[in-house]
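Just protein_13.txt here, compact mmCIF, C-alpha atoms and all ligand atoms:
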# COMPACT_ATOMS: atom_id res chain seq x y z
CA MET A 147 -157.54 119.13 9.72
CA ASN A 148 -159.34 119.68 12.95
CA ILE A 149 -160.11 116.08 13.93
CA SER A 150 -159.69 114.71 17.44
CA HIS A 151 -160.04 111.03 16.53
CA ARG A 152 -157.01 109.59 14.79
CA PRO A 153 -157.22 105.77 14.91
CA ARG A 154 -153.86 105.65 13.15
CA ARG A 155 -152.17 106.57 16.48
CA ASN A 156 -152.81 102.97 17.55
CA ARG A 157 -150.93 101.72 14.51
CA LYS A 158 -147.88 103.99 14.67
CA SER A 159 -145.23 101.43 15.66
CA ALA A 160 -144.82 97.71 15.95
CA ALA A 161 -144.80 98.10 19.74
CA VAL A 162 -148.08 100.02 19.84
CA ARG A 163 -149.65 97.67 17.31
CA SER A 164 -148.75 94.72 19.49
CA LEU A 165 -150.31 96.42 22.53
CA VAL A 166 -153.65 96.86 20.77
CA ALA A 167 -153.64 93.54 18.88
CA GLU A 168 -157.03 91.86 19.32
CA THR A 169 -156.04 88.47 17.95
CA THR A 170 -152.75 86.65 18.26
CA LEU A 171 -151.54 83.27 17.20
CA SER A 172 -149.51 80.85 19.27
CA PRO A 173 -148.17 77.35 18.51
CA SER A 174 -150.35 76.10 21.35
CA ASP A 175 -153.46 76.97 19.31
CA LEU A 176 -152.42 74.60 16.56
CA VAL A 177 -152.92 70.92 15.81
CA LEU A 178 -150.75 69.27 13.14
CA PRO A 179 -152.42 66.59 10.99
CA LEU A 180 -149.97 63.80 10.08
CA PHE A 181 -150.18 61.13 7.36
CA PHE A 182 -148.46 57.76 7.68
CA HIS A 183 -148.46 54.25 6.26
CA ASP A 184 -147.20 50.74 7.00
CA ASP A 185 -144.04 51.05 4.94
CA ASP A 186 -140.39 51.80 5.64
CA GLU A 187 -140.23 54.74 3.25
CA ASP A 188 -141.15 58.35 3.95
CA VAL A 189 -142.93 59.43 0.77
CA ALA A 190 -143.68 62.95 -0.47
CA ILE A 191 -147.43 63.41 -1.07
CA ASP A 192 -148.10 64.55 -4.67
CA SER A 193 -151.43 66.19 -3.94
CA MET A 194 -150.04 68.15 -0.96
CA PRO A 195 -146.58 69.58 -1.73
CA GLY A 196 -144.54 69.89 1.46
CA CYS A 197 -146.44 67.07 3.23
CA THR A 198 -145.09 63.57 3.75
CA ARG A 199 -146.64 60.16 4.23
CA TRP A 200 -144.42 58.91 7.03
CA SER A 201 -143.20 55.48 7.99
CA LEU A 202 -143.82 54.75 11.68
CA ASP A 203 -140.20 55.69 12.48
CA GLY A 204 -140.47 58.84 10.39
CA LEU A 205 -143.72 59.72 12.17
CA VAL A 206 -142.09 59.48 15.59
CA THR A 207 -139.12 61.58 14.44
CA GLU A 208 -141.49 64.22 13.06
CA VAL A 209 -143.57 64.31 16.25
CA THR A 210 -140.38 64.72 18.27
CA ARG A 211 -139.27 67.59 16.01
CA VAL A 212 -142.57 69.49 16.13
CA SER A 213 -142.86 68.99 19.87
CA LYS A 214 -139.62 70.95 20.27
CA LEU A 215 -141.15 73.74 18.17
CA GLY A 216 -144.03 74.06 20.66
CA ILE A 217 -146.70 72.01 18.88
CA HIS A 218 -148.66 70.23 21.61
CA ALA A 219 -151.14 68.20 19.59
CA VAL A 220 -151.21 66.07 16.45
CA VAL A 221 -154.06 64.31 14.65
CA LEU A 222 -153.35 61.00 12.90
CA PHE A 223 -154.44 59.97 9.39
CA PRO A 224 -153.39 56.47 8.28
CA LYS A 225 -153.15 55.23 4.71
CA ILE A 226 -154.43 51.69 4.96
CA ALA A 227 -153.23 49.02 2.52
CA ASP A 228 -155.90 48.06 -0.05
CA GLN A 229 -155.96 44.41 1.02
CA LEU A 230 -157.02 45.47 4.54
CA LYS A 231 -160.01 47.49 3.32
CA SER A 232 -163.46 45.93 3.52
CA PRO A 233 -167.13 46.95 3.31
CA THR A 234 -167.44 47.21 7.10
CA GLY A 235 -163.89 48.35 7.82
CA GLU A 236 -163.08 45.87 10.64
CA GLU A 237 -159.41 46.84 10.38
CA SER A 238 -160.40 50.15 12.02
CA ALA A 239 -160.69 48.35 15.39
CA ASN A 240 -157.68 46.04 15.08
CA PRO A 241 -155.60 46.52 18.27
CA GLU A 242 -152.46 45.71 16.23
CA GLY A 243 -153.54 47.99 13.37
CA LEU A 244 -151.50 50.90 12.07
CA VAL A 245 -153.15 53.61 14.19
CA PRO A 246 -152.84 51.85 17.59
CA ARG A 247 -149.19 51.09 16.80
CA ALA A 248 -148.61 54.73 15.88
CA ILE A 249 -150.27 55.97 19.08
CA ARG A 250 -148.12 53.68 21.22
CA ALA A 251 -144.93 54.66 19.37
CA ILE A 252 -145.64 58.39 19.74
CA LYS A 253 -146.65 58.08 23.38
CA SER A 254 -143.50 56.18 24.30
CA ALA A 255 -141.22 58.70 22.52
CA VAL A 256 -143.07 61.94 23.38
CA PRO A 257 -145.46 61.17 26.27
CA GLU A 258 -146.57 64.79 26.66
CA MET A 259 -147.81 65.05 23.05
CA CYS A 260 -151.62 65.18 22.85
CA VAL A 261 -152.59 62.47 20.36
CA ILE A 262 -155.88 62.99 18.55
CA THR A 263 -157.29 60.27 16.31
CA ASP A 264 -159.80 60.48 13.49
CA VAL A 265 -162.84 58.25 13.93
CA ALA A 266 -164.48 57.36 10.60
CA LEU A 267 -164.38 54.43 8.22
CA ASP A 268 -163.13 56.03 5.00
CA PRO A 269 -159.48 54.92 5.23
CA TYR A 270 -160.68 51.36 5.94
CA SER A 271 -163.74 51.17 3.70
CA SER A 272 -163.48 49.40 0.34
CA ASP A 273 -166.27 51.80 -0.70
CA GLY A 274 -164.35 54.90 0.37
CA HIS A 275 -167.24 56.13 2.52
CA ASP A 276 -167.18 57.21 6.15
CA GLY A 277 -169.77 54.57 6.99
CA ILE A 278 -171.10 51.19 5.91
CA VAL A 279 -172.60 51.22 2.43
CA GLU A 280 -175.73 49.37 1.34
CA ARG A 281 -176.34 49.20 -2.41
CA GLN A 282 -179.96 49.55 -3.53
CA ASP A 283 -181.40 47.65 -6.51
CA ASP A 284 -181.69 50.90 -8.42
CA GLY A 285 -177.94 51.48 -8.03
CA ARG A 286 -178.23 54.11 -5.32
CA ILE A 287 -176.05 53.72 -2.30
CA LEU A 288 -177.17 54.18 1.29
CA VAL A 289 -174.72 54.91 4.09
CA LEU A 290 -176.18 53.10 7.10
CA ASN A 291 -176.25 55.20 10.26
CA ASP A 292 -176.81 52.94 13.26
CA GLU A 293 -174.73 50.03 11.97
CA THR A 294 -171.87 52.46 11.28
CA VAL A 295 -172.05 53.98 14.76
CA GLU A 296 -171.46 50.53 16.28
CA VAL A 297 -168.25 50.13 14.29
CA LEU A 298 -167.17 53.67 15.15
CA CYS A 299 -167.56 52.86 18.86
CA ASP A 300 -165.19 49.89 18.42
CA GLN A 301 -162.74 52.11 16.57
CA ALA A 302 -162.83 54.83 19.25
CA LEU A 303 -162.36 52.23 21.99
CA CYS A 304 -159.41 50.72 20.12
CA HIS A 305 -157.76 54.17 19.94
CA ALA A 306 -158.45 54.81 23.63
CA ARG A 307 -156.91 51.48 24.62
CA ALA A 308 -153.78 52.36 22.63
CA GLY A 309 -153.45 55.64 24.53
CA ALA A 310 -155.22 58.32 22.46
CA ASP A 311 -155.95 61.50 24.44
CA ILE A 312 -158.79 62.68 22.20
CA VAL A 313 -160.92 60.81 19.68
CA SER A 314 -162.38 62.86 16.89
CA PRO A 315 -165.39 61.51 14.99
CA SER A 316 -165.35 62.99 11.47
CA ASP A 317 -168.02 60.75 9.99
CA MET A 318 -171.16 62.88 10.54
CA MET A 319 -173.39 59.93 11.53
CA ASP A 320 -176.27 60.87 13.83
CA GLY A 321 -175.91 60.03 17.52
CA ARG A 322 -172.30 58.88 17.35
CA VAL A 323 -170.97 61.26 19.99
CA GLY A 324 -173.34 59.94 22.66
CA GLU A 325 -172.71 56.30 21.76
CA ILE A 326 -168.93 56.75 21.71
CA ARG A 327 -169.08 58.58 25.06
CA ALA A 328 -171.08 55.72 26.61
CA GLU A 329 -168.74 53.08 25.18
CA LEU A 330 -165.61 54.87 26.44
CA ASP A 331 -167.13 55.38 29.89
CA ASP A 332 -168.29 51.75 30.16
CA GLU A 333 -164.76 50.60 29.45
CA GLY A 334 -163.16 52.95 31.98
CA PHE A 335 -161.95 55.65 29.58
CA GLU A 336 -163.79 58.57 31.20
CA ASP A 337 -160.68 60.70 30.64
CA VAL A 338 -160.55 60.29 26.89
CA SER A 339 -162.05 63.40 25.27
CA ILE A 340 -164.28 63.74 22.23
CA LEU A 341 -163.56 66.46 19.68
CA SER A 342 -166.57 66.26 17.39
CA TYR A 343 -166.55 67.33 13.76
CA SER A 344 -169.96 68.85 14.41
CA ALA A 345 -170.35 70.96 11.29
CA LYS A 346 -168.51 69.15 8.55
CA TYR A 347 -169.52 70.29 5.09
CA ALA A 348 -169.63 68.24 1.87
CA SER A 349 -166.73 70.25 0.51
CA ALA A 350 -164.66 70.23 -2.66
CA PHE A 351 -161.71 71.33 -0.55
CA TYR A 352 -161.03 67.77 0.71
CA GLY A 353 -159.72 66.64 -2.71
CA PRO A 354 -155.96 66.66 -1.94
CA PHE A 355 -156.53 64.77 1.35
CA ARG A 356 -158.40 62.01 -0.44
CA GLY A 357 -155.46 61.86 -2.86
CA ALA A 358 -153.03 61.58 0.06
CA LEU A 359 -154.89 58.62 1.58
CA ASP A 360 -156.44 57.15 -1.55
CA SER A 361 -159.76 57.39 0.30
CA ALA A 362 -162.12 59.00 -2.22
CA PRO A 363 -165.63 57.47 -2.41
CA LYS A 364 -165.82 54.81 -5.12
CA ASP A 365 -169.45 55.65 -5.86
CA GLY A 366 -171.61 58.63 -5.10
CA ASP A 367 -170.68 61.53 -2.87
CA LYS A 368 -170.89 62.29 0.86
CA LYS A 369 -173.90 64.61 0.69
CA THR A 370 -176.25 62.34 2.66
CA TYR A 371 -174.06 62.77 5.74
CA GLN A 372 -171.84 65.83 5.26
CA MET A 373 -173.59 69.19 5.26
CA ASP A 374 -174.76 71.46 2.46
CA PRO A 375 -172.32 74.41 2.18
CA GLY A 376 -175.22 76.85 2.11
CA ASN A 377 -176.54 75.89 5.55
CA ILE A 378 -175.68 77.58 8.83
CA ARG A 379 -178.69 76.98 11.13
CA GLU A 380 -178.15 73.27 10.56
CA ALA A 381 -174.59 73.67 11.89
CA LEU A 382 -176.00 75.07 15.13
CA ARG A 383 -178.40 72.13 15.41
CA GLU A 384 -175.48 69.71 15.05
CA VAL A 385 -173.48 71.61 17.68
CA VAL A 386 -176.37 71.58 20.19
CA LEU A 387 -176.83 67.83 19.72
CA ASP A 388 -173.11 67.08 20.07
CA GLU A 389 -172.94 69.20 23.21
CA GLU A 390 -175.93 67.34 24.70
CA GLU A 391 -174.34 64.01 23.76
CA GLY A 392 -171.18 64.88 25.66
CA ALA A 393 -168.70 66.37 23.18
CA ASP A 394 -165.82 68.18 24.89
CA MET A 395 -164.97 70.33 21.88
CA VAL A 396 -166.73 71.01 18.59
CA MET A 397 -165.32 71.62 15.13
CA VAL A 398 -166.21 73.46 11.95
CA LYS A 399 -164.66 72.16 8.73
CA PRO A 400 -163.43 73.53 6.33
CA ALA A 401 -162.38 76.81 7.92
CA GLY A 402 -161.53 79.62 5.50
CA ALA A 403 -164.76 79.59 3.50
CA TYR A 404 -166.84 79.06 6.67
CA LEU A 405 -165.79 81.93 8.94
CA ASP A 406 -169.41 82.95 9.47
CA VAL A 407 -170.20 79.42 10.65
CA ILE A 408 -167.26 79.51 13.08
CA ALA A 409 -168.54 82.84 14.45
CA ALA A 410 -172.09 81.53 14.85
CA VAL A 411 -170.90 78.34 16.53
CA ARG A 412 -168.73 80.42 18.89
CA GLU A 413 -171.89 82.28 19.98
CA ALA A 414 -173.97 79.11 20.29
CA THR A 415 -171.81 77.07 22.69
CA VAL A 416 -169.50 77.53 25.64
CA LEU A 417 -167.39 74.58 24.47
CA PRO A 418 -164.00 75.20 22.85
CA VAL A 419 -164.43 75.65 19.09
CA ALA A 420 -161.96 74.12 16.65
CA ALA A 421 -161.67 74.75 12.92
CA TYR A 422 -159.90 72.67 10.27
CA GLN A 423 -157.96 74.46 7.55
CA VAL A 424 -158.27 71.54 5.16
CA SER A 425 -156.10 70.13 2.40
CA GLY A 426 -157.64 72.24 -0.37
CA GLU A 427 -157.04 75.42 1.61
CA TYR A 428 -153.47 74.28 2.15
CA LEU A 429 -152.95 73.52 -1.54
CA MET A 430 -154.40 76.87 -2.64
CA LEU A 431 -151.99 78.77 -0.38
CA LYS A 432 -149.06 76.58 -1.44
CA SER A 433 -149.81 76.87 -5.16
CA ALA A 434 -150.45 80.59 -5.03
CA SER A 435 -147.22 81.26 -3.14
CA ALA A 436 -145.26 78.98 -5.48
CA SER A 437 -146.09 81.49 -8.22
CA GLY A 438 -144.20 84.11 -6.23
CA TRP A 439 -147.14 86.53 -6.28
CA ILE A 440 -148.30 85.64 -2.78
CA ASP A 441 -145.94 85.71 0.19
CA GLU A 442 -146.45 82.28 1.78
CA LYS A 443 -145.63 83.17 5.38
CA ALA A 444 -147.72 86.35 5.42
CA ALA A 445 -150.69 84.75 3.64
CA VAL A 446 -150.69 81.66 5.88
CA LEU A 447 -150.49 83.73 9.06
CA GLU A 448 -153.29 86.00 7.80
CA SER A 449 -155.49 83.00 6.94
CA LEU A 450 -155.00 81.57 10.45
CA ILE A 451 -155.51 84.87 12.25
CA ALA A 452 -158.80 85.23 10.36
CA ILE A 453 -159.93 81.78 11.52
CA LYS A 454 -159.01 82.66 15.09
CA ARG A 455 -160.68 86.08 14.91
CA ALA A 456 -163.87 84.40 13.71
CA GLY A 457 -163.94 82.43 16.99
CA ALA A 458 -161.87 79.26 16.71
CA SER A 459 -159.44 78.74 19.58
CA ILE A 460 -158.06 75.49 18.15
CA ILE A 461 -156.89 75.31 14.52
CA LEU A 462 -155.99 72.14 12.67
CA THR A 463 -153.57 73.11 9.91
CA TYR A 464 -150.91 71.45 7.76
CA PHE A 465 -148.88 74.63 8.29
CA ALA A 466 -148.69 74.12 12.08
CA ALA A 467 -144.97 73.31 12.25
CA ASP A 468 -144.01 76.09 9.78
CA VAL A 469 -146.06 78.55 11.79
CA ALA A 470 -144.43 77.52 15.06
CA GLN A 471 -141.05 78.11 13.41
CA TRP A 472 -142.09 81.49 11.95
CA LEU A 473 -143.49 82.67 15.28
CA ALA A 474 -140.21 81.81 17.00
CA GLU A 475 -138.10 83.82 14.48
C1 LIG K 501 -162.53 61.60 6.67
C2 LIG K 501 -161.84 62.91 6.71
C3 LIG K 501 -161.68 63.77 5.61
C4 LIG K 501 -160.89 64.83 6.07
C5 LIG K 501 -160.61 64.60 7.41
N1 LIG K 501 -161.22 63.41 7.79
C6 LIG K 501 -162.12 63.65 4.21
C7 LIG K 501 -163.53 63.47 3.87
O1 LIG K 501 -164.43 63.65 4.69
O2 LIG K 501 -163.76 63.10 2.74
C8 LIG K 501 -160.45 65.96 5.19
C9 LIG K 501 -159.28 66.74 5.67
C10 LIG K 501 -158.67 67.60 4.64
O3 LIG K 501 -159.14 67.76 3.51
O4 LIG K 501 -157.62 68.18 4.97
N2 LIG K 501 -163.54 61.34 7.52
Could you write out this file's structure as structure tokens?
Ligand code: PBG
Amino acid sequence: MNISHRPRRNRKSAAVRSLVAETTLSPSDLVLPLFFHDDDEDVAIDSMPGCTRWSLDGLVTEVTRVSKLGIHAVVLFPKIADQLKSPTGEESANPEGLVPRAIRAIKSAVPEMCVITDVALDPYSSDGHDGIVERQDDGRILVLNDETVEVLCDQALCHARAGADIVSPSDMMDGRVGEIRAELDDEGFEDVSILSYSAKYASAFYGPFRGALDSAPKDGDKKTYQMDPGNIREALREVVLDEEEGADMVMVKPAGAYLDVIAAVREATVLPVAAYQVSGEYLMLKSASASGWIDEKAAVLESLIAIKRAGASIILTYFAADVAQWLAE
């Protein structure tokens, strides 16, 4: 054949392929979500095979382990005891609560670890919603915006006081980024960053996470605050508002089914863009590879490279520690 263009030349060896690689993955791109509870046992999580709900000691040991693998950031998800849950979730701002204790324990054992906390009421809410619920006479439930934002500000401040590096509102209330920023600044926490879940969709892929924390909504769904999966312009509106309100980083969640949203958000802001490969994405990869027909390592790396190629520079994934280990092999 008389052709002068042979793109295959750039794929002829591993060395050449690595020279022309457009997207690469490093442990420093990754954030590991961690589950824990106020209990002495480390318990395997049924809904998320391979994940553990740690005791505080177990949590610190795990953070120490992953730090040595090159993971620089973790995000904390507490399972709160039922008797501490309430309609307004006051426990979320208790300075002696589970999250502040976990932050202090991690920071004293591994001071260089970047500790990110989730700001939302669902683990603390007896209604299982991210905000305060008001029941209407006709049985409908309303999730109150402005009242919720006040509680979220207390929660964010509580995490900052305990030593969190980044607070991450995942609740999707309007105006919360600006109010949290103002509260943190007023109290002298100008250095604490806000990673906003800007475009968080009302997704079926959160199921295993809600199983892990026993945090599913008791009534109704989250569609009056989380976004419609079919919408993308609305994601850009959320990102613009969060940027104006002072977010330091923005997030798209879930990740794998929303690569177009990640790409559009990447174009729409100069802020760092994060994406969350959520529990359902994790479980699908785990279950499929358990069958033996999907190679777990290859499929996980491909799923993460795709998220990065779409435009995310920060990826929250339950595979973070495995990936760090694979990349070092
Ligand atoms: C709660 C929160 C959820 C997740 C992270 N923070 C669940 C939800 O919104 O119902 C889901 C994470 C996952 O599925 O891995 N605000």
Residues up to 9 Å from ligand LIG 501 (chain K), counting all atoms listed in the file: could you list those as an mmCIF file with C-alpha atoms, keeping the file's coordinate frame?
data_model
loop_
_atom_site.group_PDB
_atom_site.id
_atom_site.type_symbol
_atom_site.label_atom_id
_atom_site.label_comp_id
_atom_site.auth_asym_id
_atom_site.auth_seq_id
_atom_site.Cartn_x
_atom_site.Cartn_y
_atom_site.Cartn_z
ATOM 1 C CA PRO A 179 -152.420 66.590 10.990
ATOM 2 C CA PHE A 223 -154.440 59.970 9.390
ATOM 3 C CA ASP A 264 -159.800 60.480 13.490
ATOM 4 C CA VAL A 265 -162.840 58.250 13.930
ATOM 5 C CA ALA A 266 -164.480 57.360 10.600
ATOM 6 C CA LEU A 267 -164.380 54.430 8.220
ATOM 7 C CA ASP A 268 -163.130 56.030 5.000
ATOM 8 C CA PRO A 269 -159.480 54.920 5.230
ATOM 9 C CA GLY A 274 -164.350 54.900 0.370
ATOM 10 C CA HIS A 275 -167.240 56.130 2.520
ATOM 11 C CA ASP A 276 -167.180 57.210 6.150
ATOM 12 C CA PRO A 315 -165.390 61.510 14.990
ATOM 13 C CA SER A 316 -165.350 62.990 11.470
ATOM 14 C CA ASP A 317 -168.020 60.750 9.990
ATOM 15 C CA MET A 318 -171.160 62.880 10.540
ATOM 16 C CA TYR A 343 -166.550 67.330 13.760
ATOM 17 C CA LYS A 346 -168.510 69.150 8.550
ATOM 18 C CA TYR A 347 -169.520 70.290 5.090
ATOM 19 C CA ALA A 348 -169.630 68.240 1.870
ATOM 20 C CA SER A 349 -166.730 70.250 0.510
ATOM 21 C CA ALA A 350 -164.660 70.230 -2.660
ATOM 22 C CA PHE A 351 -161.710 71.330 -0.550
ATOM 23 C CA TYR A 352 -161.030 67.770 0.710
ATOM 24 C CA GLY A 353 -159.720 66.640 -2.710
ATOM 25 C CA PRO A 354 -155.960 66.660 -1.940
ATOM 26 C CA PHE A 355 -156.530 64.770 1.350
ATOM 27 C CA ARG A 356 -158.400 62.010 -0.440
ATOM 28 C CA SER A 361 -159.760 57.390 0.300
ATOM 29 C CA ALA A 362 -162.120 59.000 -2.220
ATOM 30 C CA PRO A 363 -165.630 57.470 -2.410
ATOM 31 C CA LYS A 368 -170.890 62.290 0.860
ATOM 32 C CA GLN A 372 -171.840 65.830 5.260
ATOM 33 C CA LYS A 399 -164.660 72.160 8.730
ATOM 34 C CA PRO A 400 -163.430 73.530 6.330
ATOM 35 C CA TYR A 422 -159.900 72.670 10.270
ATOM 36 C CA GLN A 423 -157.960 74.460 7.550
ATOM 37 C CA VAL A 424 -158.270 71.540 5.160
ATOM 38 C CA SER A 425 -156.100 70.130 2.400
ATOM 39 C CA GLY A 426 -157.640 72.240 -0.370
ATOM 40 C CA GLU A 427 -157.040 75.420 1.610
ATOM 41 C CA TYR A 428 -153.470 74.280 2.150
ATOM 42 C CA LEU A 462 -155.990 72.140 12.670
ATOM 43 C CA THR A 463 -153.570 73.110 9.910
ATOM 44 C CA TYR A 464 -150.910 71.450 7.760
#
Interatomic distance (Å, one decimal) between atom CA of A:Ser437 and atom CA of A:Ile451: 22.8 Å
I'd like the neighbourhood of A:Glu384 as number ranges by chain, where a residue qualifies if any of its atoms comes within 9 Å (using only C-alpha atoms), though same-chain residues fewer than 4 positions away should be ignored. A: 320, 344-345, 379-380, 388-389
Could you write out the selected residues, including C-alpha atoms, as a PDB file, keeping the file's coordinate frame?
ATOM      1  CA  ASP A 320    -176.270  60.870  13.830  1.00  0.00           C
ATOM      2  CA  SER A 344    -169.960  68.850  14.410  1.00  0.00           C
ATOM      3  CA  ALA A 345    -170.350  70.960  11.290  1.00  0.00           C
ATOM      4  CA  ARG A 379    -178.690  76.980  11.130  1.00  0.00           C
ATOM      5  CA  GLU A 380    -178.150  73.270  10.560  1.00  0.00           C
ATOM      6  CA  ASP A 388    -173.110  67.080  20.070  1.00  0.00           C
ATOM      7  CA  GLU A 389    -172.940  69.200  23.210  1.00  0.00           C
TER       8      GLU A 389
END
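Near (-160.8, 75.0, 20.9), the residues inside the 8 Å limit, counting only C-alpha atoms, come to Asp175, Met395, Val396, Leu417, Pro418, Val419, Ala420, Ala458, Ser459, Ile460 and Ile461 of chain A.
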Let me make sure I understand: among A:Gly457, A:Gly376, A:Gly392, A:Gly285, which one has the smallest atom-to-atom distance to A:Ile408 if we use all atoms listed in the file? A:Gly457
Give me, as a ChimeraX atom specification, all polymer residues having an atom no more than 8 Å from A:Ala239, counting only C-alpha atoms and skipping those fewer than 4 positions away in the same chain. /A:243,297,300-305
Of the candidates A:Val338, A:Asp365, A:Asp406, A:Leu359, which one gets nearest to A:Asp394 if we count all atoms listed in the file? A:Val338
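Atom CA of A:Val177 is found 5.2 Å from atom CA of A:Val220.
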If you take all atoms listed in the file and a cut-off of 12 Å, which residues of stretch 148-180 of chain A touch stretch 252-259 of chain A, and what are their nearest atom pairs and distances in Å to one decimal, in chain and number order, as JSON lines?
{"residue": "A:Ser174", "atom": "CA", "partner": "A:Met259", "partner_atom": "CA", "distance": 11.5}
{"residue": "A:Val177", "atom": "CA", "partner": "A:Met259", "partner_atom": "CA", "distance": 10.6}
{"residue": "A:Leu178", "atom": "CA", "partner": "A:Met259", "partner_atom": "CA", "distance": 11.2}
{"residue": "A:Leu180", "atom": "CA", "partner": "A:Ile252", "partner_atom": "CA", "distance": 11.9}
One number please: atom CA of A:Ala248 to atom CA of A:Ala306, in Å, one decimal. 12.5 Å
If we count only C-alpha atoms, what is near A:Thr198 at a cut-off of 12 Å, once residues fewer than 2 positions away on the same chain are taken out, given as a compact mmCIF listing (two decimals) with C-alpha atoms, keeping the file's coordinate frame?
# COMPACT_ATOMS: atom_id res chain seq x y z
CA PRO A 179 -152.42 66.59 10.99
CA LEU A 180 -149.97 63.80 10.08
CA PHE A 181 -150.18 61.13 7.36
CA PHE A 182 -148.46 57.76 7.68
CA HIS A 183 -148.46 54.25 6.26
CA GLU A 187 -140.23 54.74 3.25
CA ASP A 188 -141.15 58.35 3.95
CA VAL A 189 -142.93 59.43 0.77
CA ALA A 190 -143.68 62.95 -0.47
CA ILE A 191 -147.43 63.41 -1.07
CA ASP A 192 -148.10 64.55 -4.67
CA SER A 193 -151.43 66.19 -3.94
CA MET A 194 -150.04 68.15 -0.96
CA PRO A 195 -146.58 69.58 -1.73
CA GLY A 196 -144.54 69.89 1.46
CA TRP A 200 -144.42 58.91 7.03
CA SER A 201 -143.20 55.48 7.99
CA LEU A 202 -143.82 54.75 11.68
CA GLY A 204 -140.47 58.84 10.39
CA LEU A 205 -143.72 59.72 12.17
CA GLU A 208 -141.49 64.22 13.06
CA PHE A 223 -154.44 59.97 9.39
CA PRO A 224 -153.39 56.47 8.28
CA LYS A 225 -153.15 55.23 4.71
CA PHE A 355 -156.53 64.77 1.35
CA ALA A 358 -153.03 61.58 0.06
CA LEU A 359 -154.89 58.62 1.58
CA TYR A 464 -150.91 71.45 7.76
Write out as number ranges by chain which residues come within 10 Å of A:Ala414 when counting all atoms listed in the file, dropping same-chain ones fewer than 4 positions away. A: 382-383, 385-386, 408-410
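Residue nearest A:Ser342, chosen from A:Thr370, A:Ser164, A:Thr263, A:Ser271 and counting all atoms listed in the file: A:Thr263.
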Option closest in space to A:Gly235, from A:Arg412, A:Leu298, A:Ala251, A:Leu290 [counting only C-alpha atoms]: A:Leu298
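If you measure from each of A:His218, A:Lys364, A:Arg152, A:Lys443 to A:Asp468 using only C-alpha atoms, the closest one turns out to be A:Lys443.
Of the listed residues A:Ala434, A:Ala474, A:Arg211, A:Ala421, the one whose atoms come nearest to A:Ala403 is A:Ala421, with distances taken using all atoms listed in the file.
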